[in-house]
Every structure is written in C-alpha cells, then in structure tokens.
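Shown next: start.txt, containing compact mmCIF, C-alpha atoms and all ligand atoms.
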```
# COMPACT_ATOMS: atom_id res chain seq x y z
CA MET A 4 37.65 132.02 184.57
CA ALA A 5 38.73 130.10 187.68
CA SER A 6 35.92 128.95 189.98
CA LYS A 7 35.76 129.81 193.69
CA ASP A 8 36.77 126.22 194.56
CA GLU A 9 39.75 126.31 192.18
CA LEU A 10 40.89 129.64 193.67
CA ASN A 11 40.54 128.40 197.24
CA SER A 12 42.43 125.17 196.55
CA ARG A 13 45.40 126.70 194.75
CA PRO A 14 48.88 126.01 196.19
CA ARG A 15 49.54 127.97 199.40
CA ASP A 16 53.28 127.38 199.77
CA TRP A 17 54.50 130.05 197.35
CA LEU A 18 56.23 132.06 200.11
CA SER A 19 58.56 129.25 201.14
CA ASN A 20 61.71 130.84 199.72
CA SER A 21 61.04 134.26 201.16
CA GLN A 22 62.13 133.75 204.76
CA VAL A 23 58.86 133.68 206.73
CA LYS A 24 60.04 130.29 207.96
CA GLY A 25 60.62 130.57 211.72
CA LEU A 26 59.13 134.05 212.00
CA VAL A 27 56.35 134.52 214.55
CA ALA A 28 53.11 136.04 213.31
CA MET A 29 50.15 137.18 215.39
CA VAL A 30 47.00 137.24 213.26
CA VAL A 31 44.18 139.08 215.01
CA GLY A 32 40.67 138.39 213.75
CA GLY A 33 42.29 135.07 212.83
CA GLY A 34 39.25 132.99 213.69
CA SER A 35 37.41 133.66 210.44
CA GLY A 36 37.56 134.87 206.84
CA ILE A 37 40.59 136.86 205.71
CA GLY A 38 42.40 136.48 209.05
CA ALA A 39 41.98 132.69 209.11
CA ALA A 40 43.21 132.32 205.51
CA THR A 41 46.20 134.57 206.29
CA ALA A 42 47.12 132.53 209.39
CA GLU A 43 46.92 129.31 207.36
CA THR A 44 49.01 130.68 204.49
CA LEU A 45 51.73 132.03 206.80
CA ALA A 46 51.77 128.68 208.64
CA VAL A 47 52.07 126.61 205.46
CA ASN A 48 55.12 128.72 204.62
CA GLY A 49 56.79 127.97 207.95
CA ALA A 50 55.81 130.88 210.18
CA ARG A 51 54.78 130.14 213.76
CA ILE A 52 51.32 131.51 214.40
CA VAL A 53 49.27 133.07 217.17
CA VAL A 54 45.62 133.01 216.13
CA ALA A 55 43.93 135.77 218.14
CA ASP A 56 40.24 136.51 218.06
CA ARG A 57 37.51 137.95 220.25
CA ARG A 58 35.89 134.52 219.95
CA LYS A 59 38.22 131.84 221.37
CA GLU A 60 36.47 128.85 219.79
CA PRO A 61 36.99 129.69 216.10
CA ALA A 62 40.55 130.81 216.88
CA GLU A 63 41.19 127.40 218.46
CA THR A 64 39.64 125.66 215.43
CA VAL A 65 41.99 127.51 213.04
CA ALA A 66 45.03 126.82 215.28
CA GLU A 67 44.07 123.14 215.50
CA ALA A 68 43.76 122.88 211.69
CA ILE A 69 47.23 124.44 211.33
CA ARG A 70 48.72 121.97 213.81
CA LYS A 71 47.00 119.04 212.09
CA ALA A 72 48.57 120.17 208.80
CA GLY A 73 52.02 120.07 210.45
CA GLY A 74 52.36 123.75 211.35
CA GLU A 75 52.83 125.53 214.66
CA ALA A 76 49.97 127.57 216.14
CA VAL A 77 48.44 128.62 219.43
CA ALA A 78 45.09 130.34 219.93
CA VAL A 79 44.37 133.26 222.25
CA ALA A 80 41.16 135.09 223.12
CA MET A 81 41.59 138.80 222.47
CA ASP A 82 39.22 141.70 222.06
CA VAL A 83 41.27 144.47 220.40
CA SER A 84 39.25 147.10 222.22
CA ALA A 85 40.45 145.80 225.61
CA GLN A 86 44.00 146.72 226.63
CA ALA A 87 44.14 143.87 229.19
CA ASP A 88 43.28 141.30 226.47
CA ILE A 89 45.95 142.72 224.17
CA ASP A 90 48.62 142.67 226.88
CA ALA A 91 47.70 139.07 227.77
CA GLY A 92 47.82 138.04 224.07
CA VAL A 93 51.24 139.60 223.53
CA LYS A 94 52.53 137.96 226.71
CA ALA A 95 51.14 134.58 225.56
CA THR A 96 52.97 135.05 222.23
CA ILE A 97 56.30 135.74 223.91
CA ASP A 98 55.77 132.91 226.40
CA ALA A 99 55.06 130.50 223.53
CA TYR A 100 57.70 131.57 221.01
CA GLY A 101 60.03 134.16 222.61
CA GLN A 102 59.66 136.64 219.74
CA LEU A 103 57.15 138.48 217.55
CA ASP A 104 57.95 139.52 213.98
CA ILE A 105 54.67 139.98 212.11
CA LEU A 106 51.37 141.51 213.21
CA VAL A 107 48.33 141.16 210.96
CA ASN A 108 45.25 143.00 212.20
CA SER A 109 42.15 141.69 210.45
CA ALA A 110 39.69 142.34 213.30
CA GLY A 111 36.89 144.61 212.22
CA VAL A 112 33.24 145.43 212.79
CA ILE A 113 30.60 146.91 210.51
CA PHE A 114 27.17 148.35 211.30
CA PRO A 115 25.59 148.80 207.87
CA GLY A 116 23.45 151.90 207.61
CA SER A 117 23.48 155.61 206.94
CA LEU A 118 25.19 158.32 208.95
CA GLU A 119 21.76 159.68 209.79
CA ASP A 120 20.57 156.40 211.27
CA CYS A 121 23.78 155.22 212.89
CA SER A 122 23.59 155.36 216.69
CA LEU A 123 26.34 157.02 218.69
CA ASP A 124 27.11 153.63 220.19
CA GLU A 125 27.60 152.10 216.70
CA TRP A 126 29.77 155.05 215.66
CA ARG A 127 31.95 154.76 218.79
CA THR A 128 32.21 150.95 218.59
CA SER A 129 33.29 151.20 214.93
CA PHE A 130 36.14 153.52 215.89
CA LEU A 131 36.91 151.63 219.11
CA VAL A 132 37.47 148.31 217.28
CA ASN A 133 38.63 149.44 213.82
CA VAL A 134 40.91 152.30 214.88
CA ASP A 135 41.67 152.37 218.63
CA GLY A 136 42.12 148.58 218.54
CA ALA A 137 44.69 148.81 215.73
CA LEU A 138 46.66 151.44 217.65
CA LEU A 139 46.55 149.67 221.03
CA LEU A 140 47.52 146.37 219.43
CA ALA A 141 50.45 147.71 217.42
CA ARG A 142 51.76 149.74 220.36
CA ALA A 143 51.73 146.66 222.59
CA CYS A 144 53.66 144.70 219.95
CA LEU A 145 56.15 147.51 219.29
CA PRO A 146 58.88 146.57 221.82
CA HIS A 147 59.02 143.05 220.33
CA LEU A 148 58.83 144.20 216.69
CA ARG A 149 61.80 146.52 217.39
CA LYS A 150 63.90 143.44 218.21
CA SER A 151 62.99 141.66 214.95
CA LYS A 152 65.06 141.80 211.76
CA ALA A 153 61.91 141.24 209.69
CA ALA A 154 59.30 143.34 211.47
CA SER A 155 56.08 144.03 209.65
CA VAL A 156 52.54 145.14 210.42
CA VAL A 157 49.64 144.72 208.00
CA ASN A 158 46.29 146.30 208.83
CA ILE A 159 43.12 145.39 206.97
CA SER A 160 41.04 148.40 205.99
CA SER A 161 38.46 148.53 203.18
CA LEU A 162 37.75 150.25 199.87
CA ALA A 163 35.14 152.09 201.96
CA GLY A 164 38.03 153.87 203.70
CA GLY A 165 38.91 155.77 200.54
CA ARG A 166 35.53 156.56 199.01
CA GLY A 167 31.85 156.76 199.87
CA TYR A 168 29.98 153.48 200.02
CA PRO A 169 26.27 152.57 200.14
CA ASN A 170 25.36 151.96 203.80
CA GLY A 171 28.94 152.87 204.72
CA GLY A 172 27.81 154.88 207.77
CA ALA A 173 30.45 154.77 210.49
CA TYR A 174 32.39 151.97 208.78
CA GLY A 175 33.94 154.05 205.97
CA PRO A 176 35.14 156.88 208.22
CA SER A 177 36.66 154.39 210.68
CA LYS A 178 38.44 152.51 207.87
CA ALA A 179 39.71 155.84 206.46
CA ALA A 180 41.18 156.58 209.88
CA LEU A 181 42.86 153.15 209.83
CA ILE A 182 44.55 153.95 206.50
CA SER A 183 45.82 157.24 207.91
CA LEU A 184 46.91 155.54 211.14
CA THR A 185 48.85 152.99 209.06
CA ARG A 186 50.80 155.72 207.26
CA GLN A 187 51.57 157.47 210.54
CA MET A 188 52.80 154.21 212.12
CA ALA A 189 54.92 153.50 209.04
CA LEU A 190 56.63 156.88 209.12
CA GLU A 191 57.22 156.89 212.89
CA TRP A 192 58.54 153.32 213.02
CA ALA A 193 60.56 153.20 209.81
CA GLN A 194 63.64 154.23 211.82
CA ASP A 195 63.26 150.93 213.72
CA GLY A 196 63.06 148.94 210.48
CA ILE A 197 59.38 148.16 211.03
CA ARG A 198 57.29 148.20 207.85
CA VAL A 199 53.59 149.03 208.13
CA ASN A 200 51.14 148.63 205.25
CA VAL A 201 47.40 148.40 204.80
CA VAL A 202 45.36 146.15 202.53
CA SER A 203 41.97 147.42 201.40
CA PRO A 204 39.77 144.53 200.27
CA GLY A 205 36.96 145.00 197.80
CA THR A 206 34.07 142.58 198.29
CA ILE A 207 35.38 139.24 199.51
CA ASP A 208 33.30 136.12 199.97
CA THR A 209 33.58 135.69 203.77
CA PRO A 210 31.11 135.16 206.63
CA LEU A 211 31.10 138.96 207.21
CA THR A 212 29.98 139.60 203.62
CA ARG A 213 27.36 136.84 203.63
CA ALA A 214 25.97 138.20 206.94
CA ASN A 215 25.66 141.75 205.64
CA MET A 216 24.71 141.45 201.94
CA ARG A 217 21.59 139.85 200.51
CA PRO A 218 22.15 137.48 197.51
CA GLU A 219 20.71 140.00 195.02
CA ILE A 220 23.08 142.70 196.34
CA ILE A 221 26.00 140.28 195.94
CA ALA A 222 24.95 139.55 192.35
CA ASP A 223 24.75 143.30 191.63
CA ARG A 224 28.22 143.82 193.17
CA GLU A 225 29.70 140.97 191.09
CA ALA A 226 28.42 142.69 187.97
CA LYS A 227 30.22 145.90 188.96
CA ILE A 228 33.60 144.25 189.64
CA PRO A 229 35.77 144.31 186.48
CA LEU A 230 36.96 140.70 187.13
CA GLY A 231 33.27 139.76 187.37
CA ARG A 232 33.26 138.00 190.74
CA LEU A 233 33.83 138.43 194.48
CA GLY A 234 37.31 137.79 195.81
CA VAL A 235 38.01 134.77 198.01
CA ALA A 236 39.82 134.84 201.34
CA THR A 237 42.94 133.07 200.04
CA GLU A 238 43.47 135.83 197.46
CA LEU A 239 43.41 138.42 200.22
CA ALA A 240 45.69 136.22 202.31
CA ASP A 241 48.28 136.04 199.51
CA THR A 242 48.34 139.85 199.23
CA VAL A 243 48.65 140.24 203.01
CA CYS A 244 51.37 137.57 203.21
CA PHE A 245 53.43 139.23 200.50
CA LEU A 246 53.36 142.55 202.41
CA ALA A 247 54.01 140.83 205.74
CA SER A 248 57.00 138.88 204.43
CA PRO A 249 60.55 140.01 203.71
CA ALA A 250 59.67 139.64 200.02
CA ALA A 251 58.24 143.16 200.44
CA SER A 252 61.26 144.50 202.34
CA PHE A 253 61.21 147.93 200.59
CA VAL A 254 57.44 148.41 200.74
CA THR A 255 56.08 150.50 203.59
CA ALA A 256 53.35 153.10 204.23
CA GLN A 257 51.33 151.76 201.29
CA GLU A 258 47.67 151.00 200.78
CA VAL A 259 47.16 148.01 198.46
CA CYS A 260 43.63 147.53 197.12
CA CYS A 261 42.82 143.87 196.48
CA ASP A 262 39.48 144.30 194.76
CA GLY A 263 39.26 142.83 191.25
CA GLY A 264 39.58 146.37 189.87
CA LEU A 265 36.43 147.73 191.56
CA SER A 266 38.10 150.85 193.01
CA GLN A 267 39.27 151.99 189.58
CA SER A 268 36.11 151.37 187.57
CA LEU A 269 32.80 153.09 187.14
CA MET A 270 31.74 151.17 184.06
CA ALA A 271 32.31 147.43 184.54
CA GLN A 272 28.59 146.71 184.45
CA LYS A 273 28.36 148.26 180.97
CA PHE A 274 31.32 146.24 179.63
CA TYR A 275 29.67 143.01 180.79
CA ALA A 276 26.27 144.02 179.43
CA ASN A 277 27.84 144.56 175.99
CA LYS A 278 29.50 141.16 175.83
N1 LIG A 301 34.85 140.56 203.55
C1 LIG A 301 34.91 141.69 202.87
O1 LIG A 301 34.35 141.83 201.79
C2 LIG A 301 35.69 142.85 203.43
C3 LIG A 301 35.75 144.00 202.65
C4 LIG A 301 36.47 145.09 203.12
C5 LIG A 301 37.10 145.01 204.34
N2 LIG A 301 37.02 143.89 205.10
C6 LIG A 301 37.72 143.87 206.38
O2 LIG A 301 38.50 142.71 206.48
C7 LIG A 301 38.62 142.31 207.85
C8 LIG A 301 38.24 140.84 207.99
O3 LIG A 301 36.93 140.67 207.49
P1 LIG A 301 36.31 139.25 207.16
O4 LIG A 301 35.46 139.42 205.99
O5 LIG A 301 37.38 138.21 207.18
O6 LIG A 301 35.34 139.10 208.44
P2 LIG A 301 34.99 137.88 209.38
O7 LIG A 301 33.78 138.30 210.13
O8 LIG A 301 34.95 136.61 208.60
O9 LIG A 301 36.25 137.85 210.37
C9 LIG A 301 36.51 138.91 211.25
C10 LIG A 301 37.03 138.33 212.56
O10 LIG A 301 37.34 139.44 213.43
C11 LIG A 301 36.92 139.08 214.72
N3 LIG A 301 36.68 140.28 215.51
C12 LIG A 301 35.64 141.14 215.41
N4 LIG A 301 35.75 142.09 216.37
C13 LIG A 301 36.88 141.81 217.07
C14 LIG A 301 37.51 142.41 218.18
N5 LIG A 301 36.99 143.48 218.80
N6 LIG A 301 38.66 141.87 218.64
C15 LIG A 301 39.19 140.76 218.06
N7 LIG A 301 38.61 140.13 217.02
C16 LIG A 301 37.47 140.66 216.53
C17 LIG A 301 35.64 138.27 214.52
O11 LIG A 301 35.35 137.47 215.66
C18 LIG A 301 35.97 137.47 213.28
O12 LIG A 301 36.53 136.21 213.60
C19 LIG A 301 37.70 143.25 208.64
O13 LIG A 301 38.50 144.27 209.22
C20 LIG A 301 36.79 143.83 207.58
O14 LIG A 301 36.32 145.11 207.92
C21 LIG A 301 36.32 142.80 204.67
```

Now, as a test, write the supplied structure out as structure tokens.
Ligand SMILES: NC(=O)c1ccc[n+]([C@@H]2O[C@H](COP(=O)([O-])OP(=O)(O)OC[C@H]3O[C@@H](n4cnc5c(N)ncnc54)[C@H](O)[C@@H]3O)[C@@H](O)[C@H]2O)c1
Amino acid sequence: MASKDELNSRPRDWLSNSQVKGLVAMVVGGGSGIGAATAETLAVNGARIVVADRRKEPAETVAEAIRKAGGEAVAVAMDVSAQADIDAGVKATIDAYGQLDILVNSAGVIFPGSLEDCSLDEWRTSFLVNVDGALLLARACLPHLRKSKAASVVNISSLAGGRGYPNGGAYGPSKAALISLTRQMALEWAQDGIRVNVVSPGTIDTPLTRANMRPEIIADREAKIPLGRLGVATELADTVCFLASPAASFVTAQEVCCDGGLSQSLMAQKFYANK
C-alpha cells in the first residue's frame, strides 16, 4: 500500500492535455487542506489561480508557492458569508485575468456535537458558511461563467451530507443542503453550458480533521475505511480537478464520493480483523 508521503508526492501534471491551461480558476478555502491542494494541482496544469480564503495569510502563502513553482496565482481575502467580500474577490479576479472559468468552493466550517447540544448560533453559522456562502459565491461568479466555453463549479460537501454521522450536529444537514443546492444550480445553469458538481470527501488527513478528531478516533476511522487509511488532500484535489476540467465535459449535477469506499461499507473493520 502506498504511504501518505508517496501519495502526496505523486505527479500532479496529469491534466496537462485536458485544456485547463489558460483557464482561470477561483479556489475558495484555498488557503489550506483540500482547497490548497486543488489550487496547486490546477496551477501545475496551467490554470491561472485566485486563491481565496477568509484568512489572507495562508491564501498568500499558497499563491506564493504556486508562483515560485512557475505558475500564476493571486491571493484574495474572502469570507463567503459576506457579500461585499465575494463581490470584491470576483472583481479582483476579473481585474487580474479578465475572465473566470472555474469555481471551486472548498470553504467550510464544522462544529462537532449533537443536535441537542448545538447552539442556534452554531446551527446558523454552519448554514451561513456551508450553504448561503456557496449560493452567494456562485451567483456572483455566474455572469463571468456564462461567458466561458469551459465553465464549471465544484462544491465540496461531505459524506455527512448523505447519511447520519457521529457528532454530525448541524454539519450534516448543512452539507446535505449543499448537495441539493449543487443539483439545483446544475439544472438551472445547464442551459448556459455551466457544469456544477459536488465532491463528498470521506475522512481526509487535513488540518480540519486533525483539529477535530483525536488520534484514537482517527485510528478507529482508518479501520472502518475499506482502503484502510485516511485520504490525502492531493487525492481529493485530483477528483475535484477532473470534475472542474473539460475532461468531465458531460458530467454535471453529480455527487462524487472520494472516500476509500467508506460510504458503501458497513463491514470493513471485520474484513481487516480477519486478515
Ligand atoms: N478533511 C476532511 O476529512 C473533510 C471531510 C468531509 C468534508 N470536508 C470538507 O472539505 C472542505 C475543505 O476542508 P479541509 O479539510 O481542507 O479544511 P481546512 O480547514 O484545511 O481548509 C478549509 C479552509 O476554508 C477556509 N474557510 C473557512 N470558513 C471560511 C469562510 N467563511 N470563507 C472563506 N474561507 C473559509 C479556512 O480558512 C480554511 O483555509 C470543507 O468544506 C470541509 O467541510 C473535509
């Protein structure tokens, strides 16, 4: 089985023949984890990148790394729950590149806990960032996506959006709404040639996961995943980049689970125990 280091250092330029070269991609939540890996993979394959994040500093760090590697990237500060930030980020994109073809929305928040314990503020913030943010962002990009010949939106939801999850609280319901919102966007905007898909990660080894899961919980989760390990951000990025690129030109309104088989298995722990 490949190690985490081997997976993270695998070649990133596999998209180079599939026309992302020259396209402009805004990756929101691009300062960390799945968003950062997606921005880097799109950049290595020739796309011009806007790294947007609520936190400007990590967004700038990712953009700087892309530029150092020979790619094109600018960083913008953007909170997806603030319309003024979104409008400024879209304007900065058009000012920098004159076009916008791909929107990847990886921004998300989680407040682990039960429905009973979740505060109304946590519930509302979950929906404000994970759902309202996705809508406000995509609507602001829409006029520019309509002008593109390769327009694509990829939202990042979660397995928790399709099934109950321990400590899922407000997170699961908000991610379920994001999957539904994705389908609605896809159907309404198909007439404009804009594809909209959603990727639902299983458990991926990112700062978000490390901040919210104790090591023993991670070990237990690894035992439940049929592939026997957490995913890494570059694996998510490759799935997102495929959907975002013209390589997926007839794929729209789909949820793709990138999860090592977790969503389809109840019994992985038993298989491993019997080995
Ligand atoms: N890591 C996992 O196992 C996992 C599993 C399922 C779903 N997801 C989803 O994948 C997405 C990315 O997660 P990650 O693991 O890379 O997390 P991460 O914490 O490493 O990165 C998320 C980024 O989003 C940014 N962000 C948060 N709120 C924002 C806001 N209001 N506006 C703009 N940016 C904001 C953060 O600053 C951060 O840089 C999230 O939507 C998350 O819910 C992750």

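Minimum atom-to-atom distance to Thr242 in chain A, evaluated using all atoms listed in the file, belongs to A:Thr44 out of A:Ser161, A:Thr44, A:Ser122, A:Thr212.
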
List the spatial neighbours of range 148-155 of chain A as an mmCIF file with C-alpha atoms, keeping the file's coordinate frame - criterion: any atom at most 6 Å away, only C-alpha atoms, same-chain residues fewer than 5 positions off excluded.
```cif
data_model
loop_
_atom_site.group_PDB
_atom_site.id
_atom_site.type_symbol
_atom_site.label_atom_id
_atom_site.label_comp_id
_atom_site.auth_asym_id
_atom_site.auth_seq_id
_atom_site.Cartn_x
_atom_site.Cartn_y
_atom_site.Cartn_z
ATOM 1 C CA ASP A 104 57.950 139.520 213.980
ATOM 2 C CA ILE A 105 54.670 139.980 212.110
ATOM 3 C CA ASP A 195 63.260 150.930 213.720
ATOM 4 C CA ILE A 197 59.380 148.160 211.030
ATOM 5 C CA ARG A 198 57.290 148.200 207.850
ATOM 6 C CA VAL A 199 53.590 149.030 208.130
ATOM 7 C CA ALA A 247 54.010 140.830 205.740
#
```

Range 67-71 of chain A, all listed atoms, 8 Å padding on each side: what axis-aligned box centre and edge lengths in Å to one decimal come out, as JSON?
```
{"center_x": 46.2, "center_y": 121.7, "center_z": 213.4, "size_x": 21.0, "size_y": 21.4, "size_z": 20.2}
```

Practice item. Quick one: everything within 7 Å of Cys261 in chain A, counting all atoms listed in the file, minus sequence neighbours fewer than 5 positions away in the same chain. Send it as a list in words. Key: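 The contact residues come out as Val202, Ser203, Pro204, Gly205 and Leu239 of chain A.
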
Review point. Out of A:Asp82, A:Glu43, A:Asp120, A:Glu75, which residue has the shortest atom-to-atom distance to ligand LIG 301 (chain A) when counting only C-alpha atoms and all ligand atoms?
Key: A:Asp82

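In this structure, CA of Ala95 in chain A sits 12.5 Å away from CA of Ala143 in chain A.
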
Review point. Which residue, A:Gly171, A:Pro14, A:Gly136, A:Gly36, has the smallest gap to ligand LIG 301 (chain A) when you use all atoms listed in the file?
Key: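 Answer, going by the shortest atom-to-atom distance: A:Gly36.
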
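From CA of Thr41 in chain A back to CA of Ala72 in chain A, the distance works out to 14.8 Å.
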
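Between CA of Val107 in chain A and CA of Gly32 in chain A the separation is 8.6 Å.
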
Practice item. Measuring atom to atom with only C-alpha atoms, identify which of A:Asp90, A:Glu9, A:Asp16, A:Asp135 is nearest to Leu184 in chain A. Key: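 Looking at the shortest contact to Leu184 in chain A, the residue is A:Asp135.
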
Practice item. Using all atoms listed in the file, pick whichever of A:Gln102, A:Asn108, A:Asn170, A:Ser177 has the shortest atom-to-atom distance to Ala240 in chain A. Key: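 Residue with the minimum atom-to-atom distance to Ala240 in chain A: A:Asn108.
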
**Study point:** Within 9 Å of Glu125 in chain A using only C-alpha atoms, minus same-chain residues under 5 positions, as a list in words
**Key:**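 Residues near the query, excluding close chain neighbours: Ile113, Phe114, Phe130 and Ala173 of chain A.
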
**Study point:** Residue nearest Pro169 in chain A - candidates A:Ala62, A:Ile89, A:Ile207, A:Met216, atoms counted: all atoms listed in the file
**Key:** A:Met216

Practice item. Might you pull out every residue within 9 Å of Arg57 in chain A, with all atoms listed in the file counted and same-chain residues fewer than 6 positions away left off, and present them as a ChimeraX atom specification? Key: /A:31-32,34,79-83,110

Practice item. List the neighbours of Lys7 in chain A out to 9 Å using only C-alpha atoms; skip same-chain residues closer than 2 positions along the sequence, and give me the result as a PyMOL selection string. Key: chain A and resi 5+9-12+233-235

Residues from last step as file, C-alpha atoms, as an mmCIF file, in the frame of the given file:
```cif
data_model
loop_
_atom_site.group_PDB
_atom_site.id
_atom_site.type_symbol
_atom_site.label_atom_id
_atom_site.label_comp_id
_atom_site.auth_asym_id
_atom_site.auth_seq_id
_atom_site.Cartn_x
_atom_site.Cartn_y
_atom_site.Cartn_z
ATOM 1 C CA ALA A 5 38.730 130.100 187.680
ATOM 2 C CA GLU A 9 39.750 126.310 192.180
ATOM 3 C CA LEU A 10 40.890 129.640 193.670
ATOM 4 C CA ASN A 11 40.540 128.400 197.240
ATOM 5 C CA SER A 12 42.430 125.170 196.550
ATOM 6 C CA LEU A 233 33.830 138.430 194.480
ATOM 7 C CA GLY A 234 37.310 137.790 195.810
ATOM 8 C CA VAL A 235 38.010 134.770 198.010
#
```

Got a sec to check which residues sit within 12 Å of (36.9, 158.8, 200.7), counting all atoms listed in the file, and write them as an mmCIF file with C-alpha atoms, in the frame of the given file?
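Produced file part_2.cif, reproduced below:
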```
data_model
loop_
_atom_site.group_PDB
_atom_site.id
_atom_site.type_symbol
_atom_site.label_atom_id
_atom_site.label_comp_id
_atom_site.auth_asym_id
_atom_site.auth_seq_id
_atom_site.Cartn_x
_atom_site.Cartn_y
_atom_site.Cartn_z
ATOM 1 C CA SER A 161 38.460 148.530 203.180
ATOM 2 C CA LEU A 162 37.750 150.250 199.870
ATOM 3 C CA ALA A 163 35.140 152.090 201.960
ATOM 4 C CA GLY A 164 38.030 153.870 203.700
ATOM 5 C CA GLY A 165 38.910 155.770 200.540
ATOM 6 C CA ARG A 166 35.530 156.560 199.010
ATOM 7 C CA GLY A 167 31.850 156.760 199.870
ATOM 8 C CA TYR A 168 29.980 153.480 200.020
ATOM 9 C CA GLY A 171 28.940 152.870 204.720
ATOM 10 C CA TYR A 174 32.390 151.970 208.780
ATOM 11 C CA GLY A 175 33.940 154.050 205.970
ATOM 12 C CA PRO A 176 35.140 156.880 208.220
ATOM 13 C CA SER A 177 36.660 154.390 210.680
ATOM 14 C CA LYS A 178 38.440 152.510 207.870
ATOM 15 C CA ALA A 179 39.710 155.840 206.460
ATOM 16 C CA ALA A 180 41.180 156.580 209.880
ATOM 17 C CA ILE A 182 44.550 153.950 206.500
ATOM 18 C CA SER A 183 45.820 157.240 207.910
ATOM 19 C CA SER A 266 38.100 150.850 193.010
#
```
